[in-house]
Amino acid sequence: MTAAAADVEAGAGSSSAAQTAKDLLSGAAGGIAQVLIGQPFDIVKVRLQTQTTHPSAFAAAQSIWRNEGPLAFYKGTLTPLLGIGACVSIQFGAFHFARRYLESRAAASSSSSSSSSSTAPRPLTYSELYAAGAFAGVANSVLSGPIEHVRIRLQTQPHGAARLYGGPWDCVRKLARAGGWGHGLYRGQAVTVLREAQAYGVWFLAFEYLMNADAARRGVDRSDIPSWKVALYGGLAGEALWLASYPLDVVKSKMQTDGFRVKASEAGGPAHGLAGLGEQRYRNMRDCFAQTWRHEGLRGFWKGIGPTLLRAMPVSAGTFAVVELTMRALN
């Protein structure tokens with residue numbers, strides 16, 4: 001997302017503040033497209049990760065359509081739509097901050113090792129681009145953790161009269177009341193940070209590699225790569241993102257659909273917690289990993305990967321296309 005915007009803005013020549021505003025607006029537009037394109041795939045993925053009643057992605061989608069109606073595929077959409085602007089701002093800001101910091105270090109290293117003042121600084125290595133992307137992911141997790149937690153709770157709650165939450169704000173209140181901010185709203189945050197760091201690191205690494213390889217192969221500047229290729233490489237980077245981080249995402253989803261009522265045997269007395277939000281199964285991230293491995297084996301860490309990969313290509317491609325088109329329109 002960030003690199004695509006950087007490619008488009010290369011010839012804009014506008015002021016730093018104006019270009020930053022365009023970056024953020026373009027990113028927000030791309031993020032909204034990402035949510036709208038990917039939400040139906042995402043709810044199927046979450047149901048497969050957290051429930052055992054569906055033998056396949058098609059069966060899960062069929063069940064949602066038959067029992068809850070077509071609008072159920074957009075359960076929990078309001079939360080990511082509301083938070084997407086802030087999330088994209090953090091992603092852009094954190095990645096560019098880390099990239100500029102690493103570039104300044106590279107420039108300082110080049111100037112100190114060469115007597116010529118005209119020596120061009122070396123380009124960032126792929127490990128440095130991964131580090132910048134991982135930094136952006138960690139920064140983004142501050143918002144993405146609770147936003148995804150609320151979205152997942154809304155996606156997996158019972159349908160009709162048995163529903164637990166009246167909407168996203170009711171869900172936030174109940175989660176905060178059940179476990180406070182740390183253990184309630186930010187449940188699963190440790191694995192969320194790990195997932196975001198790995199996902200964004202691989203995302204930027206894959207995209208930069210594909211863009212640089214294309215430019216070198218054809219002998220052109222990155223800004224001359226056509227839009228459809230930018231979208232294609234973004235889609236392929238999205239596939240790499242999920243293949244590299246999916247087991248962490250499974251554990252995150254399991255923890256964020258877990259109950260809050262602690263069993264009496266574990267509490268040392270009467271069971272406690274918020275009634276109606278179920279019994280707690282996982283004590284922490286390590287316990288969730290261990291239980292998943294013990295009961296489901298390696299396959300348990302890859303449940304729902306099919307619809308996720310189907311979602312990744314159009315979502316990532318759509319995000320890049322919208323970012324680029326918006327940036328060109330603004331410029």
# chains A, B, ... in the order shown; residues from 1 in each chain; ligands from 1

$ residues_around --residues "Gly160 in chain A" --least-positions-apart "6" --cutoff "12 Å" --atoms "only C-alpha atoms" --output "ChimeraX atom specification"
/A:67-69,72,166

$ closest_atom_pairs --of "range 191-225 of chain A" --to "range 280-290 of chain A" --cutoff "12 Å" --atoms "only C-alpha atoms" --output "tab-separated table"
residue	atom	partner	partner_atom	distance
A:Val191	CA	A:Met285	CA	6.7
A:Thr192	CA	A:Met285	CA	10.1
A:Val193	CA	A:Met285	CA	11.7
A:Leu194	CA	A:Met285	CA	11.0

$ write_last_selection --atoms "C-alpha atoms" --output "CSV table (one decimal), in the first residue's frame"
chain,number,residue,atom,x,y,z
A,191,VAL,CA,-0.2,-12.9,19.2
A,192,THR,CA,-1.7,-9.9,17.3
A,193,VAL,CA,1.6,-8.0,17.5
A,194,LEU,CA,3.5,-11.1,16.3

$ select_by_dssp --residues "range 93-272 of chain A" --states "alpha helix (DSSP H)" --output "number ranges by chain"
A: 93-113, 126-156, 168-180, 189-218, 227-256, 264-267

$ closest_residue --among "A:Ser227, A:Ser63, A:Gln189, A:Gln198" --to "Phe320 in chain A" --atoms "only C-alpha atoms"
A:Ser227

$ residues_around --residues "Phe73 in chain A" --least-positions-apart "2" --cutoff "9 Å" --atoms "only C-alpha atoms" --output "VMD selection string"
chain A and resid 39 to 44 61 64 to 65 68 to 71 75 to 77 155

$ atom_distance --atom1 "CA of Leu175 in chain A" --atom2 "CA of Ala86 in chain A"
21.4 Å

$ residues_around --residues "Asp224 in chain A" --least-positions-apart "3" --cutoff "9 Å" --atoms "only C-alpha atoms" --output "number ranges by chain"
A: 7, 215, 220-221, 227

$ closest_residue --among "A:Ser89, A:Asp249, A:Gly180, A:Ala108" --to "Lys22 in chain A" --atoms "only C-alpha atoms"
A:Ser89

$ residues_around --residues "Glu239 in chain A" --least-positions-apart "6" --cutoff "9 Å" --atoms "only C-alpha atoms" --output "PDB file with all heavy atoms, in the first residue's frame"
ATOM      1  N   TRP A 203       4.808  -8.687   3.648  1.00  0.00           N
ATOM      2  CA  TRP A 203       4.034  -7.966   2.625  1.00  0.00           C
ATOM      3  C   TRP A 203       4.923  -6.966   1.881  1.00  0.00           C
ATOM      4  O   TRP A 203       4.993  -6.973   0.657  1.00  0.00           O
ATOM      5  CB  TRP A 203       2.873  -7.248   3.298  1.00  0.00           C
ATOM      6  CG  TRP A 203       1.820  -6.747   2.373  1.00  0.00           C
ATOM      7  CD1 TRP A 203       0.664  -7.387   2.036  1.00  0.00           C
ATOM      8  CD2 TRP A 203       1.801  -5.500   1.668  1.00  0.00           C
ATOM      9  NE1 TRP A 203      -0.066  -6.616   1.169  1.00  0.00           N
ATOM     10  CE2 TRP A 203       0.611  -5.456   0.927  1.00  0.00           C
ATOM     11  CE3 TRP A 203       2.680  -4.427   1.591  1.00  0.00           C
ATOM     12  CZ2 TRP A 203       0.273  -4.374   0.123  1.00  0.00           C
ATOM     13  CZ3 TRP A 203       2.346  -3.353   0.781  1.00  0.00           C
ATOM     14  CH2 TRP A 203       1.161  -3.329   0.064  1.00  0.00           C
ATOM     15  N   THR A 308      -9.156 -17.622   2.635  1.00  0.00           N
ATOM     16  CA  THR A 308      -8.243 -16.514   2.918  1.00  0.00           C
ATOM     17  C   THR A 308      -7.387 -16.192   1.710  1.00  0.00           C
ATOM     18  O   THR A 308      -7.199 -15.026   1.345  1.00  0.00           O
ATOM     19  CB  THR A 308      -7.356 -16.856   4.127  1.00  0.00           C
ATOM     20  OG1 THR A 308      -8.182 -17.118   5.262  1.00  0.00           O
ATOM     21  CG2 THR A 308      -6.422 -15.712   4.445  1.00  0.00           C
ATOM     22  N   LEU A 309      -6.830 -17.238   1.057  1.00  0.00           N
ATOM     23  CA  LEU A 309      -6.011 -17.015  -0.126  1.00  0.00           C
ATOM     24  C   LEU A 309      -6.854 -16.543  -1.307  1.00  0.00           C
ATOM     25  O   LEU A 309      -6.403 -15.726  -2.117  1.00  0.00           O
ATOM     26  CB  LEU A 309      -5.254 -18.296  -0.496  1.00  0.00           C
ATOM     27  CG  LEU A 309      -4.180 -18.742   0.510  1.00  0.00           C
ATOM     28  CD1 LEU A 309      -3.530 -20.034   0.049  1.00  0.00           C
ATOM     29  CD2 LEU A 309      -3.139 -17.653   0.718  1.00  0.00           C
ATOM     30  N   LEU A 310      -8.095 -17.045  -1.412  1.00  0.00           N
ATOM     31  CA  LEU A 310      -8.995 -16.546  -2.455  1.00  0.00           C
ATOM     32  C   LEU A 310      -9.280 -15.063  -2.253  1.00  0.00           C
ATOM     33  O   LEU A 310      -9.380 -14.297  -3.204  1.00  0.00           O
ATOM     34  CB  LEU A 310     -10.306 -17.334  -2.449  1.00  0.00           C
ATOM     35  CG  LEU A 310     -10.270 -18.743  -3.030  1.00  0.00           C
ATOM     36  CD1 LEU A 310     -11.614 -19.430  -2.813  1.00  0.00           C
ATOM     37  CD2 LEU A 310      -9.931 -18.709  -4.514  1.00  0.00           C
ATOM     38  N   ARG A 311      -9.394 -14.663  -0.992  1.00  0.00           N
ATOM     39  CA  ARG A 311      -9.676 -13.273  -0.648  1.00  0.00           C
ATOM     40  C   ARG A 311      -8.460 -12.387  -0.880  1.00  0.00           C
ATOM     41  O   ARG A 311      -8.593 -11.224  -1.286  1.00  0.00           O
ATOM     42  CB  ARG A 311     -10.093 -13.211   0.815  1.00  0.00           C
ATOM     43  CG  ARG A 311     -10.154 -11.831   1.451  1.00  0.00           C
ATOM     44  CD  ARG A 311     -10.405 -11.973   2.940  1.00  0.00           C
ATOM     45  NE  ARG A 311     -10.513 -10.693   3.603  1.00  0.00           N
ATOM     46  CZ  ARG A 311      -9.493 -10.011   4.118  1.00  0.00           C
ATOM     47  NH1 ARG A 311      -8.260 -10.487   4.009  1.00  0.00           N
ATOM     48  NH2 ARG A 311      -9.695  -8.858   4.730  1.00  0.00           N
ATOM     49  N   ALA A 312      -7.261 -12.928  -0.606  1.00  0.00           N
ATOM     50  CA  ALA A 312      -6.057 -12.097  -0.596  1.00  0.00           C
ATOM     51  C   ALA A 312      -5.771 -11.459  -1.943  1.00  0.00           C
ATOM     52  O   ALA A 312      -5.399 -10.280  -2.012  1.00  0.00           O
ATOM     53  CB  ALA A 312      -4.857 -12.929  -0.152  1.00  0.00           C
ATOM     54  N   MET A 313      -5.925 -12.210  -3.026  1.00  0.00           N
ATOM     55  CA  MET A 313      -5.590 -11.678  -4.342  1.00  0.00           C
ATOM     56  C   MET A 313      -6.473 -10.495  -4.739  1.00  0.00           C
ATOM     57  O   MET A 313      -5.966  -9.410  -5.020  1.00  0.00           O
ATOM     58  CB  MET A 313      -5.644 -12.785  -5.388  1.00  0.00           C
ATOM     59  CG  MET A 313      -5.331 -12.329  -6.807  1.00  0.00           C
ATOM     60  SD  MET A 313      -3.673 -11.623  -7.006  1.00  0.00           S
ATOM     61  CE  MET A 313      -2.686 -13.118  -7.048  1.00  0.00           C
ATOM     62  N   SER A 316      -5.984  -7.430  -2.117  1.00  0.00           N
ATOM     63  CA  SER A 316      -4.725  -6.703  -2.251  1.00  0.00           C
ATOM     64  C   SER A 316      -4.649  -5.966  -3.584  1.00  0.00           C
ATOM     65  O   SER A 316      -4.207  -4.813  -3.644  1.00  0.00           O
ATOM     66  CB  SER A 316      -3.537  -7.670  -2.129  1.00  0.00           C
ATOM     67  OG  SER A 316      -3.469  -8.204  -0.831  1.00  0.00           O
TER      68      SER A 316
END

$ atom_distance --atom1 "CA of Asp170 in chain A" --atom2 "CA of Val46 in chain A"
20.6 Å

$ atom_distance --atom1 "CA of Val172 in chain A" --atom2 "CA of Glu148 in chain A"
11.4 Å

$ closest_residue --among "A:Gly188, A:Pro168, A:Gly137, A:Gly179" --to "Gln256 in chain A" --atoms "only C-alpha atoms"
A:Gly188

$ residues_around --residues "Cys87 in chain A" --least-positions-apart "5" --cutoff "10 Å" --atoms "only C-alpha atoms" --output "NGL selection string"
:A and (27-28 or 31 or 80 or 82 or 92-93 or 137 or 139-144 or 147)

$ residues_around --residues "Gly238 in chain A" --least-positions-apart "4" --cutoff "12 Å" --atoms "only C-alpha atoms" --output "ChimeraX atom specification"
/A:1,34,38,199-207,231-234,242-246,308-320

$ write_last_selection --atoms "C-alpha atoms" --output "short mmCIF file (atom, residue, chain, number, x, y, z; two decimals), in the first residue's frame"
data_model
loop_
_atom_site.label_atom_id
_atom_site.label_comp_id
_atom_site.auth_asym_id
_atom_site.auth_seq_id
_atom_site.Cartn_x
_atom_site.Cartn_y
_atom_site.Cartn_z
CA MET A 1 0.00 0.00 0.00
CA GLN A 34 -10.15 -3.67 1.04
CA GLY A 38 -12.78 -8.88 1.62
CA ALA A 199 2.52 -10.11 7.99
CA TYR A 200 3.56 -6.54 7.17
CA GLY A 201 7.23 -7.44 7.03
CA VAL A 202 6.59 -10.14 4.44
CA TRP A 203 4.03 -7.97 2.62
CA PHE A 204 6.49 -5.13 2.00
CA LEU A 205 9.35 -7.51 1.28
CA ALA A 206 7.37 -9.45 -1.36
CA PHE A 207 5.99 -6.33 -3.03
CA ALA A 231 -2.17 -4.42 -8.67
CA LEU A 232 -0.92 -7.88 -9.67
CA TYR A 233 2.19 -7.60 -7.52
CA GLY A 234 0.10 -6.31 -4.65
CA TRP A 242 -1.10 -14.88 4.62
CA LEU A 243 1.08 -17.90 3.89
CA ALA A 244 3.72 -16.43 6.22
CA SER A 245 1.41 -15.42 9.09
CA TYR A 246 -1.70 -17.64 8.96
CA THR A 308 -8.24 -16.51 2.92
CA LEU A 309 -6.01 -17.02 -0.13
CA LEU A 310 -9.00 -16.55 -2.46
CA ARG A 311 -9.68 -13.27 -0.65
CA ALA A 312 -6.06 -12.10 -0.60
CA MET A 313 -5.59 -11.68 -4.34
CA PRO A 314 -8.64 -9.48 -5.16
CA VAL A 315 -8.41 -7.57 -1.89
CA SER A 316 -4.72 -6.70 -2.25
CA ALA A 317 -5.07 -5.98 -5.96
CA GLY A 318 -8.16 -3.83 -5.33
CA THR A 319 -6.41 -1.95 -2.54
CA PHE A 320 -3.43 -1.11 -4.75
#

$ closest_residue --among "A:Gly184, A:Ala33, A:Glu279, A:Val250" --to "Ile305 in chain A" --atoms "only C-alpha atoms"
A:Val250

$ closest_residue --among "A:Thr156, A:Met327, A:Tyr165, A:Glu103" --to "Leu48 in chain A" --atoms "only C-alpha atoms"
A:Thr156
